[in-house]
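Student: Dropping a structure here in C-alpha cells format, bear with me for questions.
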Amino acid sequence: ADGDVRRIPGFPVAVVDTIGSGDAHTGGVIAGLMCGLTLDESVLLANAVASFVTGSEGAATAPTRGELLSAK
C-alpha cells in the first residue's frame, strides 16, 4: 500500500568523487520509471548508477547499460 516503507539495497563502492552522485541517482530513478520499471526497481537502478558515479572521477561519468551489467 502507499506509504509502506521498504529498504532498497545499495552497492558497495570505493568513493572516488561524490560530485554528480545525487543527480545520477535522480536520473536513474527517472530513467527506470520511463522504461516501465516499478518504483522499487527504478530505485535499485538508481542506486547502481549513483554507486558507479561515486566510484569514478568527475561529474560526467554516467555508466552505459553494459557497464552497469558488467559491474554486478
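Ordered as shown in the C-alpha cells, chains take letters A, B, and onward, while each chain numbers its residues from 1 and ligands are numbered from 1 in the order shown.
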Leaving out region 17-25 of chain A and any residue of its chain fewer than 4 positions from it, which residues lie within 7 Å of it when counting only C-alpha atoms, given as a PyMOL selection string?

Tutor: chain A and resi 29+46-47+49-50+53-59+62

Student: Enumerate as a PyMOL selection string all residues of chain A assigned to alpha helix (DSSP H) by DSSP on the backbone, naming them with the chain letters and numbers the document uses.

Tutor: chain A and resi 21-34+39-54+65-70

Student: Would you please work out which residue, of A:Ile30, A:Val5, A:Ala60, A:Val15, is nearest to Leu45 (chain A) when using only C-alpha atoms?

Tutor: A:Ile30
